[in-house]
$ cat start38.txt   # compact mmCIF, C-alpha atoms
# COMPACT_ATOMS: atom_id res chain seq x y z
CA MET A 1 95.95 -167.81 -85.68
CA ILE A 2 92.90 -167.77 -87.97
CA GLN A 3 91.86 -171.22 -86.77
CA LEU A 4 92.20 -170.11 -83.14
CA SER A 5 90.08 -167.03 -83.78
CA LEU A 6 87.37 -169.12 -85.46
CA LEU A 7 87.43 -171.53 -82.54
CA LEU A 8 86.96 -168.72 -80.02
CA LEU A 9 84.18 -167.19 -82.11
CA SER A 10 82.39 -170.54 -82.27
CA ALA A 11 82.68 -170.92 -78.51
CA VAL A 12 81.07 -167.53 -77.95
CA ILE A 13 78.24 -168.28 -80.42
CA PHE A 14 77.37 -171.75 -79.19
CA PHE A 15 78.32 -171.32 -75.51
CA PRO A 16 77.59 -167.66 -74.68
CA GLN A 17 77.56 -168.39 -70.95
CA TRP A 18 81.31 -168.94 -71.15
CA THR A 19 81.82 -165.24 -71.78
CA LEU A 20 80.30 -164.27 -68.43
CA LEU A 21 83.30 -165.18 -66.33
CA THR A 22 85.75 -163.50 -68.66
CA THR A 23 83.84 -160.25 -69.09
CA ALA A 24 81.93 -159.77 -65.85
CA PHE A 25 84.62 -157.63 -64.27
CA SER A 26 87.31 -157.52 -66.92
CA PRO A 27 89.80 -154.65 -66.66
CA THR A 28 88.72 -153.61 -70.16
CA ILE A 29 85.22 -152.99 -68.84
CA VAL A 30 86.21 -151.09 -65.73
CA GLY A 31 87.16 -148.09 -67.81
CA ARG A 32 89.71 -145.41 -67.15
CA VAL A 33 89.72 -141.66 -66.65
CA THR A 34 91.93 -140.23 -69.35
CA SER A 35 93.47 -136.87 -69.95
CA SER A 36 95.33 -135.42 -72.88
CA SER A 37 97.80 -133.65 -70.60
CA ARG A 38 101.18 -135.00 -69.56
CA PRO A 39 101.48 -138.11 -67.37
CA VAL A 40 101.75 -137.51 -63.63
CA PRO A 41 103.37 -139.51 -60.85
CA ILE A 42 101.05 -141.93 -59.09
CA ILE A 43 100.72 -142.60 -55.42
CA TYR A 44 101.07 -146.27 -54.72
CA ALA A 45 100.11 -147.20 -51.18
CA GLN A 46 101.27 -150.75 -50.74
CA LYS A 47 99.35 -153.14 -48.52
CA SER A 48 100.17 -153.09 -44.80
CA GLU A 49 103.34 -151.06 -45.38
CA ASP A 50 101.56 -148.04 -46.82
CA VAL A 51 104.42 -145.64 -46.13
CA ILE A 52 103.54 -142.39 -47.86
CA SER A 53 106.14 -139.71 -48.55
CA ALA A 54 105.91 -136.62 -50.71
CA GLY A 55 107.91 -136.94 -53.89
CA GLU A 56 108.38 -133.18 -54.14
CA ASP A 57 108.76 -132.35 -50.45
CA LYS A 58 110.44 -135.24 -48.68
CA ASN A 59 112.02 -133.11 -45.96
CA THR A 60 108.79 -131.70 -44.60
CA THR A 61 108.45 -132.74 -40.95
CA ASP A 62 106.10 -130.16 -39.45
CA PRO A 63 102.66 -131.82 -39.31
CA ASN A 64 100.99 -128.40 -39.18
CA HIS A 65 102.96 -126.79 -42.01
CA ASN A 66 99.98 -126.20 -44.27
CA LYS A 67 96.46 -125.44 -43.15
CA ASP A 68 95.21 -125.99 -46.71
CA ALA A 69 96.52 -129.55 -46.85
CA ALA A 70 94.00 -132.18 -47.89
CA ALA A 71 93.99 -135.69 -49.33
CA ILE A 72 91.92 -137.63 -51.81
CA ILE A 73 92.11 -141.40 -51.50
CA PHE A 74 90.57 -143.19 -54.47
CA LEU A 75 90.18 -146.97 -54.75
CA HIS A 76 90.06 -148.53 -58.21
CA GLY A 77 87.62 -151.21 -59.32
CA LEU A 78 88.00 -154.96 -59.60
CA GLY A 79 90.64 -155.99 -62.12
CA ASP A 80 91.96 -152.45 -62.52
CA SER A 81 95.04 -150.69 -61.13
CA PRO A 82 95.92 -147.24 -59.74
CA ASP A 83 96.84 -146.19 -63.28
CA GLY A 84 93.17 -146.21 -64.18
CA TRP A 85 92.45 -143.18 -62.03
CA ALA A 86 95.80 -141.40 -61.78
CA SER A 87 94.83 -138.64 -64.20
CA LEU A 88 92.33 -137.33 -61.66
CA THR A 89 95.29 -135.35 -60.34
CA GLU A 90 95.03 -133.16 -63.42
CA VAL A 91 91.41 -133.63 -64.48
CA LEU A 92 89.92 -132.41 -61.21
CA PRO A 93 91.89 -129.12 -60.94
CA ASN A 94 91.15 -128.45 -64.60
CA LEU A 95 87.43 -128.78 -63.91
CA ARG A 96 87.53 -126.86 -60.62
CA PRO A 97 90.53 -124.49 -60.46
CA SER A 98 89.95 -123.94 -56.74
CA LEU A 99 91.11 -127.51 -56.16
CA GLY A 100 94.43 -126.57 -57.74
CA LYS A 101 94.92 -123.90 -55.07
CA LEU A 102 94.93 -126.51 -52.31
CA ASP A 103 97.86 -128.64 -51.23
CA ILE A 104 96.21 -131.95 -52.12
CA THR A 105 97.92 -135.31 -51.75
CA TYR A 106 96.37 -137.93 -54.02
CA VAL A 107 96.50 -141.55 -52.94
CA PHE A 108 95.68 -144.42 -55.31
CA PRO A 109 96.32 -147.70 -53.46
CA PRO A 110 96.58 -150.94 -55.44
CA ALA A 111 94.35 -153.83 -54.45
CA GLN A 112 95.85 -157.22 -53.70
CA VAL A 113 95.69 -159.97 -56.28
CA ILE A 114 93.09 -162.47 -55.11
CA GLY A 115 90.92 -165.23 -56.52
CA ILE A 116 87.45 -164.06 -57.57
CA THR A 117 84.77 -166.72 -57.16
CA VAL A 118 82.36 -165.31 -59.75
CA ASN A 119 85.17 -165.45 -62.31
CA GLY A 120 85.89 -169.10 -61.64
CA GLY A 121 88.64 -168.35 -59.14
CA GLU A 122 90.68 -166.31 -61.61
CA LYS A 123 93.19 -164.12 -59.78
CA MET A 124 93.07 -160.39 -60.33
CA PRO A 125 93.41 -157.16 -58.33
CA GLY A 126 90.45 -157.01 -55.97
CA TRP A 127 89.48 -155.54 -52.62
CA PHE A 128 87.37 -158.56 -51.65
CA ASP A 129 85.80 -161.64 -53.19
CA VAL A 130 82.66 -161.50 -55.34
CA PHE A 131 80.16 -164.35 -55.34
CA ASP A 132 77.26 -163.13 -57.51
CA TYR A 133 76.78 -161.57 -60.93
CA PRO A 134 75.28 -159.17 -61.60
CA ILE A 135 75.53 -157.57 -58.18
CA GLY A 136 72.04 -156.70 -56.97
CA VAL A 137 70.77 -155.92 -53.50
CA ASP A 138 70.73 -159.62 -52.60
CA ALA A 139 74.39 -160.18 -53.47
CA ARG A 140 76.45 -161.99 -50.86
CA ASP A 141 79.26 -160.26 -48.99
CA ASP A 142 82.85 -161.21 -48.18
CA PRO A 143 83.16 -159.90 -44.59
CA LYS A 144 86.81 -160.82 -44.16
CA GLY A 145 87.94 -159.27 -47.44
CA LEU A 146 85.96 -156.11 -46.72
CA ALA A 147 87.37 -155.85 -43.22
CA MET A 148 90.96 -156.22 -44.37
CA SER A 149 90.47 -153.55 -47.04
CA VAL A 150 88.88 -151.18 -44.53
CA LYS A 151 91.90 -151.65 -42.29
CA ARG A 152 94.21 -150.77 -45.18
CA VAL A 153 92.30 -147.54 -45.68
CA GLU A 154 92.49 -146.75 -41.97
CA LYS A 155 96.27 -147.24 -42.02
CA ILE A 156 96.64 -144.88 -44.96
CA VAL A 157 94.57 -142.25 -43.16
CA THR A 158 96.74 -142.65 -40.07
CA GLN A 159 99.90 -142.26 -42.13
CA LEU A 160 98.56 -139.14 -43.81
CA LYS A 161 98.00 -137.67 -40.35
CA ASP A 162 101.34 -138.74 -38.87
CA GLU A 163 103.58 -138.10 -41.85
CA LYS A 164 101.84 -135.34 -43.81
CA GLY A 165 99.91 -133.55 -41.09
CA ILE A 166 96.62 -134.11 -42.92
CA ASP A 167 93.76 -134.51 -40.49
CA PRO A 168 91.08 -137.11 -41.34
CA SER A 169 88.58 -134.25 -41.47
CA ARG A 170 90.46 -133.09 -44.58
CA VAL A 171 90.40 -136.48 -46.28
CA VAL A 172 87.90 -137.49 -48.96
CA LEU A 173 87.63 -141.24 -49.50
CA GLY A 174 86.21 -142.50 -52.78
CA GLY A 175 86.20 -145.42 -55.15
CA PHE A 176 84.76 -146.95 -58.27
CA SER A 177 82.70 -150.17 -58.25
CA GLN A 178 84.38 -152.47 -55.68
CA GLY A 179 86.44 -149.52 -54.51
CA GLY A 180 83.24 -147.55 -53.93
CA ALA A 181 81.89 -150.36 -51.74
CA VAL A 182 85.02 -150.24 -49.57
CA ALA A 183 84.84 -146.44 -49.40
CA LEU A 184 81.29 -146.63 -48.03
CA MET A 185 82.28 -149.21 -45.45
CA ALA A 186 85.33 -147.29 -44.27
CA SER A 187 83.47 -143.98 -44.14
CA TYR A 188 80.30 -144.99 -42.35
CA ASN A 189 79.79 -148.51 -41.07
CA ARG A 190 80.74 -149.16 -37.44
CA ARG A 191 83.71 -146.84 -37.28
CA ARG A 192 85.64 -146.62 -34.03
CA LYS A 193 84.02 -144.31 -31.49
CA ASP A 194 87.09 -142.07 -31.46
CA ALA A 195 87.45 -141.96 -35.24
CA ILE A 196 87.44 -138.50 -36.80
CA PRO A 197 84.86 -138.30 -39.64
CA PHE A 198 86.14 -137.79 -43.17
CA ALA A 199 85.49 -134.62 -45.15
CA GLY A 200 83.44 -136.59 -47.65
CA CYS A 201 82.88 -139.91 -49.40
CA ILE A 202 82.51 -140.71 -53.10
CA CYS A 203 80.88 -143.88 -54.42
CA MET A 204 80.93 -144.28 -58.18
CA SER A 205 78.96 -147.23 -59.52
CA GLY A 206 79.44 -149.04 -56.22
CA TRP A 207 77.20 -150.61 -53.62
CA LEU A 208 76.60 -150.74 -49.89
CA PRO A 209 77.87 -154.06 -48.49
CA MET A 210 77.07 -155.47 -45.06
CA LYS A 211 73.82 -153.53 -45.33
CA ASP A 212 71.99 -155.62 -42.75
CA TYR A 213 74.53 -154.60 -40.12
CA LEU A 214 74.76 -150.91 -40.97
CA ASP A 215 75.46 -148.71 -37.97
CA VAL A 216 76.49 -145.12 -38.73
CA SER A 217 77.65 -142.91 -35.87
CA GLU A 218 76.02 -139.53 -35.42
CA GLU A 219 79.40 -137.88 -35.95
CA SER A 220 80.03 -139.56 -39.30
CA ALA A 221 76.48 -138.94 -40.50
CA ALA A 222 76.70 -135.26 -39.64
CA ALA A 223 80.22 -134.54 -40.89
CA THR A 224 80.74 -136.84 -43.91
CA PRO A 225 78.51 -136.05 -46.90
CA LEU A 226 78.29 -138.60 -49.71
CA PHE A 227 78.36 -138.23 -53.48
CA TRP A 228 76.96 -141.35 -55.16
CA ALA A 229 77.03 -141.57 -58.95
CA HIS A 230 75.58 -144.53 -60.83
CA GLY A 231 74.68 -145.55 -64.35
CA GLN A 232 71.00 -146.13 -64.99
CA PHE A 233 71.85 -149.00 -67.34
CA ASP A 234 74.57 -150.58 -65.24
CA ASP A 235 74.28 -154.32 -65.85
CA LYS A 236 77.09 -155.27 -63.47
CA ILE A 237 76.38 -153.26 -60.32
CA LEU A 238 72.65 -152.86 -60.79
CA HIS A 239 71.12 -149.41 -60.48
CA GLU A 240 68.90 -150.77 -57.71
CA GLN A 241 72.00 -150.80 -55.52
CA GLN A 242 72.15 -147.01 -55.61
CA LEU A 243 68.46 -146.63 -54.80
CA TYR A 244 68.69 -149.09 -51.92
CA GLY A 245 72.00 -147.80 -50.54
CA VAL A 246 71.02 -144.14 -50.66
CA ASN A 247 67.78 -144.90 -48.83
CA LYS A 248 69.64 -146.84 -46.11
CA LEU A 249 72.28 -144.18 -45.58
CA GLU A 250 69.82 -141.30 -45.61
CA GLY A 251 67.88 -143.24 -43.00
CA GLU A 252 71.03 -143.13 -40.86
CA GLY A 253 71.23 -139.36 -41.24
CA VAL A 254 73.87 -139.15 -43.99
CA ASP A 255 73.66 -136.17 -46.35
CA VAL A 256 73.62 -137.83 -49.78
CA ILE A 257 73.95 -136.30 -53.23
CA ALA A 258 72.74 -139.06 -55.55
CA CYS A 259 73.14 -138.67 -59.30
CA SER A 260 72.28 -141.17 -62.02
CA TYR A 261 73.35 -141.01 -65.65
CA PRO A 262 72.14 -142.69 -68.87
CA VAL A 263 75.21 -144.94 -69.03
CA GLY A 264 76.27 -148.44 -68.04
CA HIS A 265 79.13 -149.55 -65.79
CA GLU A 266 81.53 -146.88 -66.94
CA SER A 267 84.14 -144.94 -65.04
CA TYR A 268 84.45 -142.03 -67.44
CA ASN A 269 81.46 -139.88 -68.18
CA SER A 270 82.18 -136.19 -68.52
CA GLU A 271 79.08 -135.10 -66.63
CA GLU A 272 79.75 -137.60 -63.86
CA ILE A 273 83.37 -136.53 -63.39
CA ASP A 274 82.35 -132.87 -63.42
CA ASP A 275 79.76 -133.51 -60.73
CA MET A 276 82.36 -135.32 -58.66
CA ALA A 277 84.74 -132.37 -59.02
CA GLY A 278 81.98 -130.05 -57.86
CA PHE A 279 81.39 -132.20 -54.80
CA LEU A 280 85.09 -132.20 -53.94
CA GLU A 281 85.20 -128.44 -54.30
CA SER A 282 82.26 -128.07 -51.92
CA VAL A 283 83.83 -130.16 -49.15
CA LEU A 284 87.51 -129.26 -49.48
CA CYS A 285 87.91 -125.71 -50.68
CA PRO A 286 88.25 -122.81 -48.28
CA GLN A 287 89.24 -119.35 -49.47
CA THR A 288 92.71 -119.66 -50.96
CA GLU A 289 94.94 -117.13 -52.66
CA THR A 290 98.05 -118.98 -53.76
CA VAL A 291 98.39 -121.88 -56.13
CA LYS A 292 100.06 -124.89 -54.56
CA VAL A 293 101.57 -127.84 -56.36
CA PRO A 294 99.88 -131.14 -55.42
CA LYS A 295 102.17 -133.74 -53.93
CA TYR A 296 102.46 -137.21 -55.35
CA ALA A 297 103.28 -139.86 -52.83
CA GLN A 298 106.04 -142.32 -53.41
CA VAL A 299 106.25 -145.67 -51.72
CA ASP A 300 109.35 -147.67 -51.03
CA GLU A 301 110.05 -150.55 -53.37
CA GLU A 302 109.40 -153.18 -50.73
CA THR A 303 107.20 -155.91 -52.14
CA ALA A 304 103.80 -156.12 -50.49
CA GLY A 305 103.99 -158.88 -47.90
CA SER A 306 101.39 -160.81 -46.00
CA VAL A 307 99.00 -159.08 -43.66
CA THR A 308 100.10 -159.67 -40.09
CA ASP A 309 98.24 -162.11 -37.87
CA ASP A 310 97.22 -159.27 -35.56
CA ASP A 311 95.73 -157.33 -38.44
CA GLU A 312 93.77 -160.33 -39.61
CA THR A 313 92.52 -161.13 -36.12
CA ASN A 314 91.47 -157.53 -35.48
CA ALA A 315 89.70 -157.38 -38.83
CA LEU A 316 87.79 -160.56 -38.07
CA LEU A 317 86.82 -159.25 -34.65
CA TYR A 318 85.66 -156.04 -36.31
CA TYR A 319 83.10 -157.85 -38.41
CA LEU A 320 82.22 -160.48 -35.85
CA CYS A 321 81.11 -157.56 -33.71
CA ALA A 322 79.29 -156.10 -36.70
CA ILE A 323 77.17 -159.23 -37.03
CA GLY A 324 76.36 -159.39 -33.35
CA ILE A 325 78.89 -161.92 -32.09
CA ASP A 326 80.38 -161.14 -28.70
CA GLU A 327 83.60 -159.11 -28.90
CA SER A 328 85.34 -161.29 -26.35
CA ILE A 329 85.19 -164.34 -28.58
CA VAL A 330 88.56 -165.89 -29.38
CA VAL A 331 89.01 -165.96 -33.13
CA ASN A 332 90.41 -169.14 -34.61
CA GLU A 333 92.76 -167.97 -37.33
CA SER A 334 92.06 -171.13 -39.29
CA ILE A 335 88.40 -170.19 -39.80
CA PRO A 336 87.72 -170.98 -43.45
CA TYR A 337 86.70 -168.14 -45.74
CA VAL A 338 86.01 -168.33 -49.42
CA SER A 339 88.18 -165.30 -50.15
CA THR A 340 91.87 -166.04 -50.47
CA VAL A 341 93.99 -163.03 -49.55
CA LEU A 342 97.46 -163.27 -51.04
$ encode --input "start38.txt" --output "structure tokens"
Amino acid sequence: MIQLSLLLLSAVIFFPQWTLLTTAFSPTIVGRVTSSSRPVPIIYAQKSEDVISAGEDKNTTDPNHNKDAAAIIFLHGLGDSPDGWASLTEVLPNLRPSLGKLDITYVFPPAQVIGITVNGGEKMPGWFDVFDYPIGVDARDDPKGLAMSVKRVEKIVTQLKDEKGIDPSRVVLGGFSQGGAVALMASYNRRRKDAIPFAGCICMSGWLPMKDYLDVSEESAAATPLFWAHGQFDDKILHEQQLYGVNKLEGEGVDVIACSYPVGHESYNSEEIDDMAGFLESVLCPQTETVKVPKYAQVDEETAGSVTDDDETNALLYYLCAIGIDESIVVNESIPYVSTVL
């Protein structure tokens, strides 16, 4: 064991570049929101079968049973899991008691395990592939991976509406790092014309992908405010990403609250989390009188399967349209992409 430790130490000293792939987006760097209070159930929304049911109210069938119903969907970062953010269910109401008076369903979907190019193809939970490190404004995008993740979010929103009676206008979509990038895409970029805007969007240490093809509808810009938090010393998702993304989105008419903090690529900063809680309170909380217990979704034990061919084709069409290719084009499902979706 001692010899192995010395060998690893020597490798780091004489070949420091080797540490890049193993630490660029390691789960130990992503960080976790922690709370000293008791553990809470987590909502796992699995892949294309994101069936969401309330663990404490499974027999509820009336979609209009609660006018104070709302949902917070939060996407974890690369290499992390839903566990990393599950304690938001207690942290947020503790910071803003008015959130505890709402009937909030928290959704923490797990990303698929995929190969990450910047990490030498190592497989880890990720929403899409990453090709550059650090991620600056010139970083390359993975259109297919982004599109498939956006479709997963859209399915969850549809299920919340159909099964829980939660209108998209009462949904806040957020995420950290990679999850924040997906949240921005799903909230603003080229949404369907009939899509109902979300109540708000949260991007924590994320970035705006597909920026050259940004097209925000007037409805989304007017109805979906954005809270964007970023570390000034972030050496993974560079702070320039926030400056650039905020400028682009404000140019599209989005109401942006941009906050920067003297930290790096960290998910837990007390001031940052408090500011996020304040944003959520501003977009979700009407006048309420009774305290309601938040529901924690449970998902069936079915193992996440492959995304259907139709889903993949529709996702590809979605982004082919986004980059100006005619919508009527027939997509060859064998088109090679760097990202491998498992």
$ closest_residue --input "start38.txt" --among "A:Thr224, A:Ser81, A:Asn269, A:Ser187" --to "A:Val113" --atoms "only C-alpha atoms"
A:Ser81
$ atom_distance --input "start38.txt" --atom1 "atom CA of A:Leu284" --atom2 "atom CA of A:Pro262"
28.2 Å
$ closest_residue --input "start38.txt" --among "A:Met210, A:Asp162, A:Met124, A:Leu226" --to "A:Asp142" --atoms "only C-alpha atoms"
A:Met210
$ atom_distance --input "start38.txt" --atom1 "atom CA of A:Arg152" --atom2 "atom CA of A:Ala223"
21.9 Å
$ closest_residue --input "start38.txt" --among "A:Gly179, A:Asp138, A:Asn119, A:Val171" --to "A:Asp80" --atoms "only C-alpha atoms"
A:Gly179
$ closest_residue --input "start38.txt" --among "A:Gly206, A:Pro125, A:Pro82, A:Pro168" --to "A:Gln242" --atoms "all atoms listed in the file"
A:Gly206
$ atom_distance --input "start38.txt" --atom1 "atom CA of A:His239" --atom2 "atom CA of A:Cys201"
18.7 Å
$ residues_near_point --input "start38.txt" --point "(82.1, -155.8, -48.6)" --cutoff "9 Å" --atoms "all atoms listed in the file" --output "list in words"
Trp127, Phe128, Asp129, Val130, Arg140, Asp141, Asp142, Pro143, Lys144, Gly145, Leu146, Ala147, Ser149, Gln178, Ala181, Val182, Met185, Trp207, Leu208, Pro209 and Met210 of chain A
$ decode --input "start38.txt" --residues "stretch 71-82 of chain A" --atoms "N, CA and C atoms" --output "compact mmCIF listing (two decimals), in the first residue's frame"
# COMPACT_ATOMS: atom_id res chain seq x y z
N ALA A 71 -43.64 22.81 -8.15
CA ALA A 71 -42.58 21.81 -8.27
C ALA A 71 -41.25 22.50 -8.51
N ILE A 72 -40.22 21.90 -7.94
CA ILE A 72 -38.85 22.33 -8.18
C ILE A 72 -38.10 21.13 -8.75
N ILE A 73 -37.65 21.27 -9.98
CA ILE A 73 -36.85 20.24 -10.63
C ILE A 73 -35.40 20.72 -10.61
N PHE A 74 -34.52 19.91 -10.02
CA PHE A 74 -33.13 20.34 -9.93
C PHE A 74 -32.22 19.23 -10.48
N LEU A 75 -31.36 19.62 -11.43
CA LEU A 75 -30.48 18.69 -12.12
C LEU A 75 -29.06 18.79 -11.54
N HIS A 76 -28.53 17.66 -11.11
CA HIS A 76 -27.19 17.64 -10.51
C HIS A 76 -26.11 17.87 -11.56
N GLY A 77 -24.88 17.99 -11.10
CA GLY A 77 -23.75 18.22 -12.00
C GLY A 77 -23.12 16.93 -12.49
N LEU A 78 -22.16 17.07 -13.36
CA LEU A 78 -21.46 15.92 -13.94
C LEU A 78 -20.76 15.11 -12.86
N GLY A 79 -20.99 13.79 -12.89
CA GLY A 79 -20.35 12.91 -11.93
C GLY A 79 -21.05 12.82 -10.59
N ASP A 80 -22.11 13.58 -10.40
CA ASP A 80 -22.82 13.58 -9.13
C ASP A 80 -24.06 12.70 -9.24
N SER A 81 -24.93 12.78 -8.25
CA SER A 81 -26.17 12.01 -8.23
C SER A 81 -27.25 12.86 -7.58
N PRO A 82 -28.51 12.42 -7.61
CA PRO A 82 -29.57 13.18 -6.94
C PRO A 82 -29.31 13.39 -5.45
